[in-house]
There are 2 protein chains.
Amino acid sequence: MSFLLLILDGLGDLPVKGKTPLSAARTPNLDRLARQGIAGLFYSVSRGIVPGSDTSHLSMFGYPPEESYPGRGPLEALGVGLELKKGDIALRCNLATEKGGKLVDRRAGRIEKGADELFRSIDGMRIDGVEIIAKHSSQHRGALVLRGKGLSAKIHETDTHGLENQNFLRCTPLDRTDSALKTAQVLTKFLKRSSEILSDHPLNKGRKLPANIILTRGPGQFQPVQPIEERYGLKSASVAGGALYKGVSRYVGMETPDIAGATGTFDTDLEAKVRYASDFLQDHDFVFLHIKAIDNASHDGNFSKKCQMIGKVDKLIPKLPKEGHIAVTGDHSTPVAKRRHSSDPTPFILSGPNIRTDKTTVFSEIEAFSGGLGHFEGKHLIPMILDLLDKSHVYGA
Amino acid sequence: MSFLLLILDGLGDLPVKGKTPLSAARTPNLDRLARQGIAGLFYSVSRGIVPGSDTSHLSMFGYPPEESYPGRGPLEALGVGLELKKGDIALRCNLATEKGGKLVDRRAGRIEKGADELFRSIDGMRIDGVEIIAKHSSQHRGALVLRGKGLSAKIHETDTHGLENQNFLRCTPLDRTDSALKTAQVLTKFLKRSSEILSDHPLNKGRKLPANIILTRGPGQFQPVQPIEERYGLKSASVAGGALYKGVSRYVGMETPDIAGATGTFDTDLEAKVRYASDFLQDHDFVFLHIKAIDNASHDGNFSKKCQMIGKVDKLIPKLPKEGHIAVTGDHSTPVAKRRHSSDPTPFILSGPNIRTDKTTVFSEIEAFSGGLGHFEGKHLIPMILDLLDKSHVYGA
């Protein structure tokens, strides 16, 4: 017996001329699951909360973010394949362009080619006894890890997301502890040295927008959590393209391969992901399959592209194993009209053995209102899965 | 005005060929209550939790088990009519059969005849200053109480439920406190002396499976709780056959008679229980009427017997007083396909004055999905009852 959780990132939406992307998309296979199974409305974190991509997944995996959220940086660092040690400070970072002391482009023209080598050129410094690891992720993005004694994540971001920032090479502490001060100082030294190295790098010669500085955001301090198999008795695996989703999966101890062609974008290799998920379902209790591009279309405000991606995912359903349980939902809503995450719950369908079927006949936000699962939250998901897999413990006797 | 809570133990189920036992059973009277009243789905503890029989009732009675659960032993001991004092250690126990140092039957052939006398033969010992009370319950079952200073419930069960256990006459502590060590030592001495007494007992002569040892489980330390009338202003009474349900009722301070013929089994005297409940409803605010046999059929995996018992209960409805409120639900689901408690919510109907009627026309799991009460939890029940009985207090002013 196994449980497949298929997350269509940013799935939930609002009606536009009476239809949401999910209700407008052609989804015969998802509708069949809805007919055979039971539906509900799902708050990945809880009602009223606008979930982040990180907190939503932690919550769904049974790690309440209010207890177990390490900040975005450590999750991204794990996602790009870095190993973290207890106490490490990890940050997301961008290659960016400055000219004459002014920030010109916080993405260095969305650099792709050579970004990997640029990150390698600044990897492995040692400053004031602190080791600094830099690794490329995708396009202009990467992760930084500061490893050493007495560090703190209580530091300002140097990436101000377009707001004026004259001091983008200077990191300042958020509190007056020695550890925050030290961390900010070490990072400032790193940003300055990196800027020198990148400015002189041959790959930047001739670039209209040279990737000559690093901007940082999402600092967090890594603390290991109890792995999901130990905590819940679920042997778990993750099939995802985006670094963050792999990072969250690794953080909670799921088997999380890097899958060639799984990119977290529109051209991701869905077939490869289905193959991995199907294989994992043979010998794992819980498999997480994440598809990102639906959220990308939502952030782009592209209704028809969102429909199209949902339709593409629908065609995958018959290729998944028929045995076991499958649940399909989103990690949050991203209405195309808002181009941002919202607190609206996502429609949820669950199909498989030993389920009370309800009267739901299609997979949509509106039909899910009256589904038999009612309205429920991320924290309820793992207990529900445990009971379906006969792995629950009776509370009391 | 009074409120009757009718609990059909283990009522909730899963569809088998499209029907649950409740939807397959003939229930014209329960359906009438559903039509006249309002329905919902009920999580006796909370969503995702697989309730025990003890925690579910504590939760429904307004005693959150995370605060007020004393372990199963004290509840069983109260249920068989023992009085408990603060600090007492109480355990459930079985008469069992050992031969040549091996456990042969953990129920001594489900002994009935003479079990009462065997328990009396080991009642009233005093070991190392600790008084030990033993009392028969039903068949091979009984309860033990250890009364003395400095005792602890942090001890292992000696009943390993069929797992190999060579040391079934030796109780070991769960932690290294003096109190746990002392309790384990006293209990070990008791188990050895009991074994000698039982082995030599004339009633065991000639028994193929002599009831020659005692196995213990569910140890707990008794702490009194504030009685329900004091805590909630509800003068309450309980009509139940099974020892546990009487025990929980007594624990929270309900008037709980032993009713001749109320056995907690298929042949229980339902008419007698209805008479008691009807009488109590004359001068009590809250009456709990518990019917166990539906759960027995569920644990046996017997769909048609479950239907039959539900049908029998349905016929009782017209015999209950017409005035006042009645709610009917289960303490948990016990799907016949699983033969164990599950976390599936139970259907709930409420009928009586000052209620918003909904569109529910029959009493079933699936119809309850869209009932007007929505999905709610055990902790909501007492506040709901208090308001219906005009006994609520405004929160604020």
# chains A, B, ... in the order shown; residues from 1 in each chain; ligands from 1

call {"tool": "closest_atom_pairs", "arguments": {"of": "chain A", "to": "chain B", "cutoff": "10 Å", "atoms": "only C-alpha atoms", "output": "tab-separated table"}}
result
residue	atom	partner	partner_atom	distance
A:Pro353	CA	B:Leu14	CA	9.8
A:Asn354	CA	B:Leu14	CA	6.3
A:Ile355	CA	B:Leu14	CA	6.4
A:Arg356	CA	B:Leu14	CA	5.6
A:Thr357	CA	B:Ile366	CA	7.7
A:Asp358	CA	B:Ile366	CA	6.4
A:Lys359	CA	B:Ile366	CA	8.5
A:Phe369	CA	B:Ser370	CA	9.7
A:Ser370	CA	B:Ser370	CA	6.4
A:Gly371	CA	B:Phe369	CA	7.2
A:Gly372	CA	B:Phe369	CA	5.0
A:Leu373	CA	B:Phe369	CA	7.7
A:Gly374	CA	B:His375	CA	6.8
A:His375	CA	B:His375	CA	8.2
A:Phe376	CA	B:Arg47	CA	8.5
A:Glu377	CA	B:Arg47	CA	9.6
A:Lys379	CA	B:Gly48	CA	8.8
A:His380	CA	B:Gly48	CA	5.7
A:Leu381	CA	B:Gly48	CA	7.7
A:Ile382	CA	B:Gly48	CA	8.0
A:Pro383	CA	B:Gly48	CA	4.8
A:Met384	CA	B:Gly48	CA	5.2
A:Ile385	CA	B:Gly48	CA	8.7
A:Leu386	CA	B:Gly48	CA	8.7
A:Asp387	CA	B:Ser343	CA	6.7
A:Leu388	CA	B:Ser342	CA	8.7
A:Asp390	CA	B:Lys338	CA	8.9
A:Ser392	CA	B:Val50	CA	7.0
A:His393	CA	B:Val50	CA	6.9
A:Val394	CA	B:Val50	CA	5.0
A:Tyr395	CA	B:Pro51	CA	5.2
A:Gly396	CA	B:Gly52	CA	4.8
A:Ala397	CA	B:Gly52	CA	4.5

call {"tool": "residues_around", "arguments": {"residues": "Ile228 in chain B", "least_positions_apart": "5", "cutoff": "7 Å", "atoms": "only C-alpha atoms", "output": "number ranges by chain"}}
result
B: 233-234, 252-254

call {"tool": "write_last_selection", "arguments": {"atoms": "N, CA, C and O atoms", "output": "compact mmCIF listing (two decimals), in the first residue's frame"}}
result
# COMPACT_ATOMS: atom_id res chain seq x y z
N GLY B 233 -22.16 22.57 35.07
CA GLY B 233 -23.53 22.82 35.50
C GLY B 233 -24.54 21.85 34.92
O GLY B 233 -25.72 22.16 34.80
N LEU B 234 -24.06 20.66 34.55
CA LEU B 234 -24.95 19.66 33.97
C LEU B 234 -25.14 18.51 34.95
O LEU B 234 -24.20 17.74 35.22
N VAL B 252 -16.02 11.17 35.46
CA VAL B 252 -16.41 12.57 35.30
C VAL B 252 -17.59 12.92 36.21
O VAL B 252 -18.12 14.03 36.13
N GLY B 253 -18.00 11.98 37.06
CA GLY B 253 -18.98 12.31 38.09
C GLY B 253 -20.44 12.17 37.68
O GLY B 253 -21.31 12.76 38.30
N MET B 254 -20.72 11.39 36.63
CA MET B 254 -22.11 11.14 36.27
C MET B 254 -22.71 10.09 37.21
O MET B 254 -22.00 9.19 37.65

call {"tool": "select_by_dssp", "arguments": {"residues": "range 53-127 of chain B", "states": "strand (DSSP E or B)", "output": "PyMOL selection string"}}
result
chain B and resi 89-99+102-105+125-127

call {"tool": "write_last_selection", "arguments": {"atoms": "C-alpha atoms", "output": "mmCIF file, in the first residue's frame"}}
result
data_model
loop_
_atom_site.group_PDB
_atom_site.id
_atom_site.type_symbol
_atom_site.label_atom_id
_atom_site.label_comp_id
_atom_site.auth_asym_id
_atom_site.auth_seq_id
_atom_site.Cartn_x
_atom_site.Cartn_y
_atom_site.Cartn_z
ATOM 1 C CA ILE B 89 -2.388 2.711 40.482
ATOM 2 C CA ALA B 90 -5.053 0.811 38.557
ATOM 3 C CA LEU B 91 -4.590 -1.809 35.836
ATOM 4 C CA ARG B 92 -6.707 -4.006 33.650
ATOM 5 C CA CYS B 93 -5.914 -7.659 33.960
ATOM 6 C CA ASN B 94 -6.690 -11.058 32.473
ATOM 7 C CA LEU B 95 -6.809 -14.504 33.919
ATOM 8 C CA ALA B 96 -4.467 -16.521 31.685
ATOM 9 C CA THR B 97 -2.959 -19.971 31.354
ATOM 10 C CA GLU B 98 0.720 -20.903 31.647
ATOM 11 C CA LYS B 99 2.207 -24.367 31.371
ATOM 12 C CA LYS B 102 5.118 -20.881 28.706
ATOM 13 C CA LEU B 103 2.104 -18.690 28.119
ATOM 14 C CA VAL B 104 -0.489 -20.999 26.573
ATOM 15 C CA ASP B 105 -3.627 -18.818 26.473
ATOM 16 C CA MET B 125 -3.135 -8.826 49.705
ATOM 17 C CA ARG B 126 -0.745 -6.425 51.374
ATOM 18 C CA ILE B 127 2.790 -6.383 49.967
#

call {"tool": "select_by_dssp", "arguments": {"residues": "range 127-361 of chain B", "states": "alpha helix (DSSP H)", "output": "VMD selection string"}}
result
chain B and resid 178 to 199 228 to 232 243 to 251 270 to 283 293 to 299 303 to 314

call {"tool": "residues_around", "arguments": {"residues": "Val225 in chain B", "least_positions_apart": "4", "cutoff": "12 Å", "atoms": "only C-alpha atoms", "output": "CSV table (one decimal) with N, CA, C and O atoms, in the first residue's frame"}}
result
chain,number,residue,atom,x,y,z
B,58,LEU,N,-14.1,10.7,26.9
B,58,LEU,CA,-13.6,11.9,27.7
B,58,LEU,C,-13.8,13.2,26.9
B,58,LEU,O,-14.2,14.2,27.5
B,62,GLY,N,-16.4,16.6,27.6
B,62,GLY,CA,-15.8,17.9,27.9
B,62,GLY,C,-14.6,17.8,28.8
B,62,GLY,O,-14.2,18.8,29.4
B,63,TYR,N,-13.9,16.7,28.7
B,63,TYR,CA,-12.7,16.5,29.5
B,63,TYR,C,-11.6,16.2,28.5
B,63,TYR,O,-11.4,15.0,28.1
B,64,PRO,N,-10.9,17.2,27.9
B,64,PRO,CA,-9.9,16.9,26.8
B,64,PRO,C,-8.9,15.9,27.3
B,64,PRO,O,-8.3,16.0,28.4
B,65,PRO,N,-8.8,14.8,26.6
B,65,PRO,CA,-7.9,13.7,27.0
B,65,PRO,C,-6.5,14.1,27.2
B,65,PRO,O,-5.8,13.5,28.1
B,67,GLU,N,-5.5,16.5,28.7
B,67,GLU,CA,-5.4,17.1,30.1
B,67,GLU,C,-5.9,16.0,31.1
B,67,GLU,O,-5.4,16.0,32.2
B,68,SER,N,-6.9,15.2,30.8
B,68,SER,CA,-7.6,14.4,31.8
B,68,SER,C,-7.6,12.9,31.6
B,68,SER,O,-8.3,12.2,32.2
B,69,TYR,N,-6.7,12.4,30.7
B,69,TYR,CA,-6.7,11.0,30.5
B,69,TYR,C,-5.9,10.3,31.5
B,69,TYR,O,-4.6,10.5,31.6
B,70,PRO,N,-6.5,9.4,32.4
B,70,PRO,CA,-5.7,8.8,33.5
B,70,PRO,C,-5.1,7.5,33.1
B,70,PRO,O,-4.5,6.8,33.9
B,85,LYS,N,-8.7,6.2,45.1
B,85,LYS,CA,-8.2,7.3,45.8
B,85,LYS,C,-7.1,7.9,45.0
B,85,LYS,O,-6.4,7.2,44.3
B,86,LYS,N,-6.9,9.2,45.2
B,86,LYS,CA,-5.8,9.9,44.5
B,86,LYS,C,-4.5,9.2,44.7
B,86,LYS,O,-4.1,8.9,45.8
B,229,GLU,N,-21.0,18.2,36.9
B,229,GLU,CA,-22.1,19.1,37.4
B,229,GLU,C,-21.4,20.4,37.8
B,229,GLU,O,-22.0,21.5,37.6
B,230,GLU,N,-20.3,20.2,38.5
B,230,GLU,CA,-19.6,21.4,39.0
B,230,GLU,C,-18.9,22.2,37.9
B,230,GLU,O,-18.9,23.4,37.8
B,231,ARG,N,-18.3,21.4,37.0
B,231,ARG,CA,-17.5,22.0,35.9
B,231,ARG,C,-18.4,22.7,34.8
B,231,ARG,O,-18.1,23.7,34.3
B,248,VAL,N,-15.7,5.6,32.6
B,248,VAL,CA,-15.5,7.0,32.2
B,248,VAL,C,-16.6,7.9,32.8
B,248,VAL,O,-16.4,9.0,33.2
B,249,SER,N,-17.8,7.4,32.8
B,249,SER,CA,-19.0,8.2,33.3
B,249,SER,C,-18.8,8.5,34.8
B,249,SER,O,-19.0,9.6,35.3
B,250,ARG,N,-18.3,7.5,35.6
B,250,ARG,CA,-18.1,7.7,37.0
B,250,ARG,C,-16.9,8.6,37.2
B,250,ARG,O,-16.9,9.5,38.1
B,251,TYR,N,-15.9,8.5,36.4
B,251,TYR,CA,-14.7,9.4,36.5
B,251,TYR,C,-15.1,10.8,36.4
B,251,TYR,O,-14.6,11.7,37.1
B,252,VAL,N,-16.0,11.2,35.5
B,252,VAL,CA,-16.4,12.6,35.3
B,252,VAL,C,-17.6,12.9,36.2
B,252,VAL,O,-18.1,14.0,36.1
B,253,GLY,N,-18.0,12.0,37.1
B,253,GLY,CA,-19.0,12.3,38.1
B,253,GLY,C,-20.4,12.2,37.7
B,253,GLY,O,-21.3,12.8,38.3
B,254,MET,N,-20.7,11.4,36.6
B,254,MET,CA,-22.1,11.1,36.3
B,254,MET,C,-22.7,10.1,37.2
B,254,MET,O,-22.0,9.2,37.6

call {"tool": "atom_distance", "arguments": {"atom1": "CA of Ile326 in chain A", "atom2": "CA of Ser44 in chain A"}}
result
16.8 Å

call {"tool": "residues_around", "arguments": {"residues": "His140 in chain B", "least_positions_apart": "6", "cutoff": "12 Å", "atoms": "only C-alpha atoms", "output": "list in words"}}
result
Arg92, Cys93, Asn94, Leu95, Ala96, Thr97, Asp105, Arg106, Arg107, Ala108, Gly109, Arg110, Ile111, Glu112, Lys113, Gly114, Ala115, Asp116, Glu117, Leu118, Phe119, Leu209, Pro210, Ala211, Asn212, Ile213, Ile214, Leu215 and Thr216 of chain B

call {"tool": "closest_residue", "arguments": {"among": "A:Val328, A:Gly10, A:Val80, A:Thr177", "to": "Asp300 in chain A", "atoms": "only C-alpha atoms"}}
result
A:Gly10

call {"tool": "atom_distance", "arguments": {"atom1": "CA of Ala25 in chain A", "atom2": "CA of Lys306 in chain A"}}
result
8.4 Å

call {"tool": "residues_around", "arguments": {"residues": "range 237-243 of chain B", "least_positions_apart": "6", "cutoff": "10 Å", "atoms": "only C-alpha atoms", "output": "MDAnalysis selection string"}}
result
chainID B and resid 4:7 75:81 137:138 142 249:250 253:265 268:270 272:277 280:281 283:293

call {"tool": "atom_distance", "arguments": {"atom1": "CA of His299 in chain B", "atom2": "CA of Val145 in chain B"}}
result
28.8 Å
